[in-house]
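Chemist: Just dropping this structure here.
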Amino acid sequence: MSNNRVEWIDLVRAIAILTVLYIHATDGIFIISSDAIMNYTIFSRFFNFASLFIGRIGVPFFLMITGYLLLDRSYDDERVRKFWSKNCKGLIIVTIIWSIIYALSLQLITFESTQINYAEAGNLFFSHMWYMPMIIGMYLSIPFVASALSHFDPKTINQATIVFAFLAFLLPFITVVMAMHGIQNVNIQYCLGFSGGVYGIYIILGYLVKKDLFKKYSSRSLELLAIVSFIICLLFQYYSFIKGFDFFLWYEFPFVLTGSFALFELCSRIETVRAFPLVSFLSKYSFAVFLVHNLFRLPLLPVVVGLPFTEPVKAIILWILLIIFSYIAVVIIYRIPKFGKFILYMR
């Protein structure tokens, strides 16, 4: 602990935002430069596949932090109203404001580079905003979920989570594998009800980590699970590519779940975080950086794509630039009296 903060939570939050910036930098290079995809080297292709797994860690980390911090609480009518007022109302307002900001900014950006396919430009500009309505919906439900969970043993909750994870992760995976091998239009029907789907499962896992349900598993076994999950994600993407199947790694892929969970549980066992002042700084502004970073990604793309380097090097350069510009921007905005904290949703 440092200044009453849970050090490892700040570490996970810092990792989460850095991986989000990383995947957006990688996507920016590989998607916008998609016209040249057939000319990628094998190293560039595997770099892209590996980057997708690394980048997909960020959102599960944010969701598991949410479950860890918010589900192990008691809520009554007054606390629910306060929770909604403190969290949901501000998130809704900030979402509307930043959607307007991005919509206006996209109209002001001019493109002159002939090396870039800008058919995807608008999608990239708003690509991170899908997270906002999802997390708002989760926050609206959290008090009710927390109250329900308090009546059951964590082992019982874990059993239900396994069943829901089977439905939400494994069945779609089976459908993808069948489609990859020519068995099309196989739609396995299931309903997850009020579970929150795959994102709700990540949140519940954070709660179960808080309850120390997984401490019986050795760190070595969790490290192995994370490594195996990474390798399977890498090989599955490559196999999809050589099969000519259009597959995009997303959060419902079962090995994104297992890999991110294993890493989160491993982080929860860290007692002291090195370079904690830096980690704390990265963590403090993480959500603010999430809001603003795409303002810099699209303008920087023509500059970085035009550099005489391979795609992996360009992606790393863009990632570093996004970190620098985004953190400088939020630090400046944060210091605007009566405005900075509100617009960045910092409390």
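Chain identifiers are assigned as A, B, and so on, following the order in which chains appear in the structure tokens; residues are numbered from 1 within each chain, and ligands are numbered from 1 in order of appearance.
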Within 10 Å of range 60-75 of chain A, which residues of range 246-319 of chain A come that close, and what is the closest atom pair and distance in Å for each? Count only C-alpha atoms and give it as CSV.
Modeler:
residue,atom,partner,partner_atom,distance
A:Tyr251,CA,A:Pro60,CA,7.7
A:Val256,CA,A:Pro60,CA,8.6
A:Leu257,CA,A:Pro60,CA,7.7
A:Gly259,CA,A:Pro60,CA,9.9
A:Ser260,CA,A:Pro60,CA,6.5
A:Phe261,CA,A:Pro60,CA,7.8
A:Leu263,CA,A:Phe61,CA,8.9
A:Phe264,CA,A:Phe61,CA,6.8
A:Glu265,CA,A:Met64,CA,9.9
A:Phe287,CA,A:Phe62,CA,9.6
Chemist: Leaving out Asn48 in chain A and any residue of its chain fewer than 2 positions from it, which residues lie within 12 Å of it when counting only C-alpha atoms, given as a VMD selection string?
Modeler: chain A and resid 22 to 31 37 40 to 46 50 to 55 233 to 234 237 to 238 241 248 to 249 310 to 316
Chemist: Counting only C-alpha atoms, what is within 10 Å of Gly196 in chain A, bar same-chain residues fewer than 5 positions away, as a PyMOL selection string?
Modeler: chain A and resi 134+137-138+141+201-204
Chemist: Export C-alpha atoms of the chosen residues as a PDB file, in the first residue's frame?
Modeler:
ATOM      1  CA  MET A 134     -21.255  -0.809 -22.163  1.00  0.00           C
ATOM      2  CA  GLY A 137     -24.966  -0.292 -18.489  1.00  0.00           C
ATOM      3  CA  MET A 138     -22.729  -2.281 -16.160  1.00  0.00           C
ATOM      4  CA  SER A 141     -26.620  -2.945 -12.737  1.00  0.00           C
ATOM      5  CA  ILE A 201     -18.267 -12.363 -16.633  1.00  0.00           C
ATOM      6  CA  TYR A 202     -15.038 -10.345 -16.537  1.00  0.00           C
ATOM      7  CA  ILE A 203     -16.555  -8.170 -13.789  1.00  0.00           C
ATOM      8  CA  ILE A 204     -17.646 -11.215 -11.765  1.00  0.00           C
TER       9      ILE A 204
END
Chemist: Excluding range 212-222 of chain A and any residue of its chain fewer than 4 positions from it, enumerate the residues within 7 Å of it, using only C-alpha atoms, and give them as an NGL selection string.
Modeler: :A and (208 or 226 or 262 or 266)
Chemist: Measuring between only C-alpha atoms, which one of A:Val12, A:Ile332, A:Leu225, A:Val279 shows the shortest distance to Thr258 in chain A?
Modeler: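 Under the stated criterion, the closest residue is A:Leu225.
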Chemist: Assign secondary structure with DSSP using the backbone only, and return the residues of range 29-114 of chain A in helix (DSSP H, G or I) as a PDB file with C-alpha atoms, in the first residue's frame.
Modeler:
ATOM      1  CA  ILE A  29      -0.934   1.015 -38.699  1.00  0.00           C
ATOM      2  CA  PHE A  30      -2.208  -2.384 -39.830  1.00  0.00           C
ATOM      3  CA  ILE A  31      -5.827  -1.453 -40.615  1.00  0.00           C
ATOM      4  CA  ILE A  32      -5.187   1.890 -42.294  1.00  0.00           C
ATOM      5  CA  SER A  34      -4.595  -2.627 -45.185  1.00  0.00           C
ATOM      6  CA  ASP A  35      -4.010  -2.158 -48.928  1.00  0.00           C
ATOM      7  CA  ALA A  36      -0.515  -3.527 -48.397  1.00  0.00           C
ATOM      8  CA  ILE A  37      -1.526  -6.488 -46.224  1.00  0.00           C
ATOM      9  CA  MET A  38      -0.394  -9.109 -48.699  1.00  0.00           C
ATOM     10  CA  ASN A  39       3.086  -7.608 -48.663  1.00  0.00           C
ATOM     11  CA  ILE A  42       5.900 -13.120 -41.691  1.00  0.00           C
ATOM     12  CA  PHE A  43       7.405 -11.251 -38.744  1.00  0.00           C
ATOM     13  CA  SER A  44       5.064  -8.312 -39.292  1.00  0.00           C
ATOM     14  CA  ARG A  45       2.093 -10.636 -39.488  1.00  0.00           C
ATOM     15  CA  PHE A  46       2.964 -12.460 -36.267  1.00  0.00           C
ATOM     16  CA  PHE A  47       3.668  -9.122 -34.618  1.00  0.00           C
ATOM     17  CA  ASN A  48       0.140  -8.065 -35.534  1.00  0.00           C
ATOM     18  CA  PHE A  49      -1.344 -11.304 -34.180  1.00  0.00           C
ATOM     19  CA  ALA A  50       0.636 -11.028 -30.935  1.00  0.00           C
ATOM     20  CA  SER A  51      -0.314  -7.371 -30.581  1.00  0.00           C
ATOM     21  CA  LEU A  52      -4.009  -8.227 -30.786  1.00  0.00           C
ATOM     22  CA  PHE A  53      -3.689 -10.510 -27.762  1.00  0.00           C
ATOM     23  CA  ILE A  54      -1.636  -7.965 -25.821  1.00  0.00           C
ATOM     24  CA  GLY A  55      -4.062  -5.200 -26.690  1.00  0.00           C
ATOM     25  CA  GLY A  58      -6.775  -3.804 -21.409  1.00  0.00           C
ATOM     26  CA  VAL A  59     -10.591  -3.928 -21.348  1.00  0.00           C
ATOM     27  CA  PRO A  60     -10.747  -7.172 -19.295  1.00  0.00           C
ATOM     28  CA  PHE A  61      -8.354  -5.567 -16.795  1.00  0.00           C
ATOM     29  CA  PHE A  62     -10.570  -2.478 -16.485  1.00  0.00           C
ATOM     30  CA  LEU A  63     -13.667  -4.667 -16.050  1.00  0.00           C
ATOM     31  CA  MET A  64     -12.066  -6.940 -13.471  1.00  0.00           C
ATOM     32  CA  ILE A  65     -10.930  -3.881 -11.513  1.00  0.00           C
ATOM     33  CA  THR A  66     -14.559  -2.721 -11.559  1.00  0.00           C
ATOM     34  CA  GLY A  67     -15.729  -6.032 -10.125  1.00  0.00           C
ATOM     35  CA  TYR A  68     -12.933  -6.114  -7.572  1.00  0.00           C
ATOM     36  CA  LEU A  69     -13.673  -2.620  -6.245  1.00  0.00           C
ATOM     37  CA  LEU A  70     -17.450  -2.245  -6.617  1.00  0.00           C
ATOM     38  CA  ASP A  77     -31.825   2.516  -1.729  1.00  0.00           C
ATOM     39  CA  GLU A  78     -29.926   5.615  -0.661  1.00  0.00           C
ATOM     40  CA  ARG A  79     -26.533   4.172  -1.583  1.00  0.00           C
ATOM     41  CA  VAL A  80     -27.828   3.054  -4.969  1.00  0.00           C
ATOM     42  CA  ARG A  81     -29.049   6.552  -5.760  1.00  0.00           C
ATOM     43  CA  LYS A  82     -25.739   8.041  -4.620  1.00  0.00           C
ATOM     44  CA  PHE A  83     -23.804   5.478  -6.671  1.00  0.00           C
ATOM     45  CA  TRP A  84     -25.805   6.282  -9.806  1.00  0.00           C
ATOM     46  CA  SER A  85     -25.489  10.020  -9.219  1.00  0.00           C
ATOM     47  CA  LYS A  86     -21.742   9.805  -8.644  1.00  0.00           C
ATOM     48  CA  ASN A  87     -20.930   7.386 -11.451  1.00  0.00           C
ATOM     49  CA  CYS A  88     -23.616   6.898 -14.088  1.00  0.00           C
ATOM     50  CA  LYS A  89     -24.801  10.494 -14.481  1.00  0.00           C
ATOM     51  CA  GLY A  90     -21.278  11.793 -14.994  1.00  0.00           C
ATOM     52  CA  LEU A  91     -20.406   8.981 -17.403  1.00  0.00           C
ATOM     53  CA  ILE A  92     -23.467   9.669 -19.543  1.00  0.00           C
ATOM     54  CA  ILE A  93     -22.691  13.389 -19.737  1.00  0.00           C
ATOM     55  CA  VAL A  94     -19.010  12.776 -20.506  1.00  0.00           C
ATOM     56  CA  THR A  95     -19.932  10.235 -23.199  1.00  0.00           C
ATOM     57  CA  ILE A  96     -22.204  12.744 -24.940  1.00  0.00           C
ATOM     58  CA  ILE A  97     -19.611  15.519 -24.694  1.00  0.00           C
ATOM     59  CA  TRP A  98     -16.767  13.424 -26.094  1.00  0.00           C
ATOM     60  CA  SER A  99     -18.934  11.984 -28.866  1.00  0.00           C
ATOM     61  CA  ILE A 100     -19.635  15.570 -29.956  1.00  0.00           C
ATOM     62  CA  ILE A 101     -15.956  16.480 -29.654  1.00  0.00           C
ATOM     63  CA  TYR A 102     -14.924  13.533 -31.838  1.00  0.00           C
ATOM     64  CA  ALA A 103     -17.652  14.194 -34.376  1.00  0.00           C
ATOM     65  CA  LEU A 104     -16.557  17.823 -34.749  1.00  0.00           C
ATOM     66  CA  SER A 105     -12.850  16.933 -34.766  1.00  0.00           C
ATOM     67  CA  LEU A 106     -13.303  14.403 -37.549  1.00  0.00           C
ATOM     68  CA  GLN A 107     -14.791  17.136 -39.744  1.00  0.00           C
ATOM     69  CA  LEU A 108     -11.782  19.372 -39.139  1.00  0.00           C
TER      70      LEU A 108
END
Chemist: Tell me which of A:Leu344, A:Val198, A:Leu321, A:Ile242 sits closest to Ala165 in chain A, counting only C-alpha atoms.
Modeler: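 Among the listed residues, A:Val198 lies closest to Ala165 in chain A.
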Chemist: When you look at Phe166 in chain A with a cut-off of 12 Å (counting only C-alpha atoms), what residues show up, excluding the ones that are within fewer than 6 positions of it in the same chain? I need them as a VMD selection string.
Modeler: chain A and resid 159 to 160 172 to 174 190 to 192 197 to 198 201 252 to 254 257
Chemist: Now that the selection is made, can you save its residues with N, CA and C atoms as a CSV table (one decimal), in the first residue's frame?
Modeler:
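Final output, part-v1.csv:
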chain,number,residue,atom,x,y,z
A,159,GLN,N,-19.2,-21.4,-9.6
A,159,GLN,CA,-19.9,-22.5,-10.4
A,159,GLN,C,-20.8,-21.9,-11.5
A,160,ALA,N,-21.6,-20.9,-11.1
A,160,ALA,CA,-22.5,-20.3,-12.1
A,160,ALA,C,-21.7,-19.6,-13.1
A,172,PRO,N,-19.7,-19.8,-28.9
A,172,PRO,CA,-19.3,-19.0,-30.0
A,172,PRO,C,-18.0,-19.5,-30.7
A,173,PHE,N,-17.0,-19.9,-29.8
A,173,PHE,CA,-15.8,-20.4,-30.3
A,173,PHE,C,-16.0,-21.7,-31.2
A,174,ILE,N,-16.8,-22.6,-30.8
A,174,ILE,CA,-17.2,-23.7,-31.6
A,174,ILE,C,-17.8,-23.3,-32.9
A,190,TYR,N,-28.6,-19.7,-27.3
A,190,TYR,CA,-28.6,-19.7,-25.8
A,190,TYR,C,-28.9,-18.3,-25.4
A,191,CYS,N,-29.3,-18.1,-24.1
A,191,CYS,CA,-29.6,-16.8,-23.6
A,191,CYS,C,-29.0,-16.6,-22.3
A,192,LEU,N,-28.2,-15.5,-22.1
A,192,LEU,CA,-27.5,-15.2,-20.8
A,192,LEU,C,-28.3,-14.3,-19.9
A,197,GLY,N,-23.5,-10.7,-20.2
A,197,GLY,CA,-22.7,-11.3,-21.3
A,197,GLY,C,-21.2,-11.4,-20.9
A,198,VAL,N,-20.4,-11.4,-21.9
A,198,VAL,CA,-19.0,-11.6,-21.7
A,198,VAL,C,-18.4,-10.6,-20.8
A,201,ILE,N,-19.1,-11.3,-17.2
A,201,ILE,CA,-18.3,-12.4,-16.6
A,201,ILE,C,-16.9,-11.8,-16.2
A,252,GLU,N,-14.7,-12.0,-26.6
A,252,GLU,CA,-15.4,-13.2,-26.3
A,252,GLU,C,-14.6,-14.5,-26.7
A,253,PHE,N,-13.4,-14.3,-27.2
A,253,PHE,CA,-12.5,-15.4,-27.5
A,253,PHE,C,-12.1,-16.1,-26.2
A,254,PRO,N,-12.3,-17.4,-26.0
A,254,PRO,CA,-12.1,-18.0,-24.6
A,254,PRO,C,-10.7,-17.8,-24.1
A,257,LEU,N,-10.1,-14.5,-22.4
A,257,LEU,CA,-10.6,-14.6,-21.0
A,257,LEU,C,-9.5,-15.3,-20.1
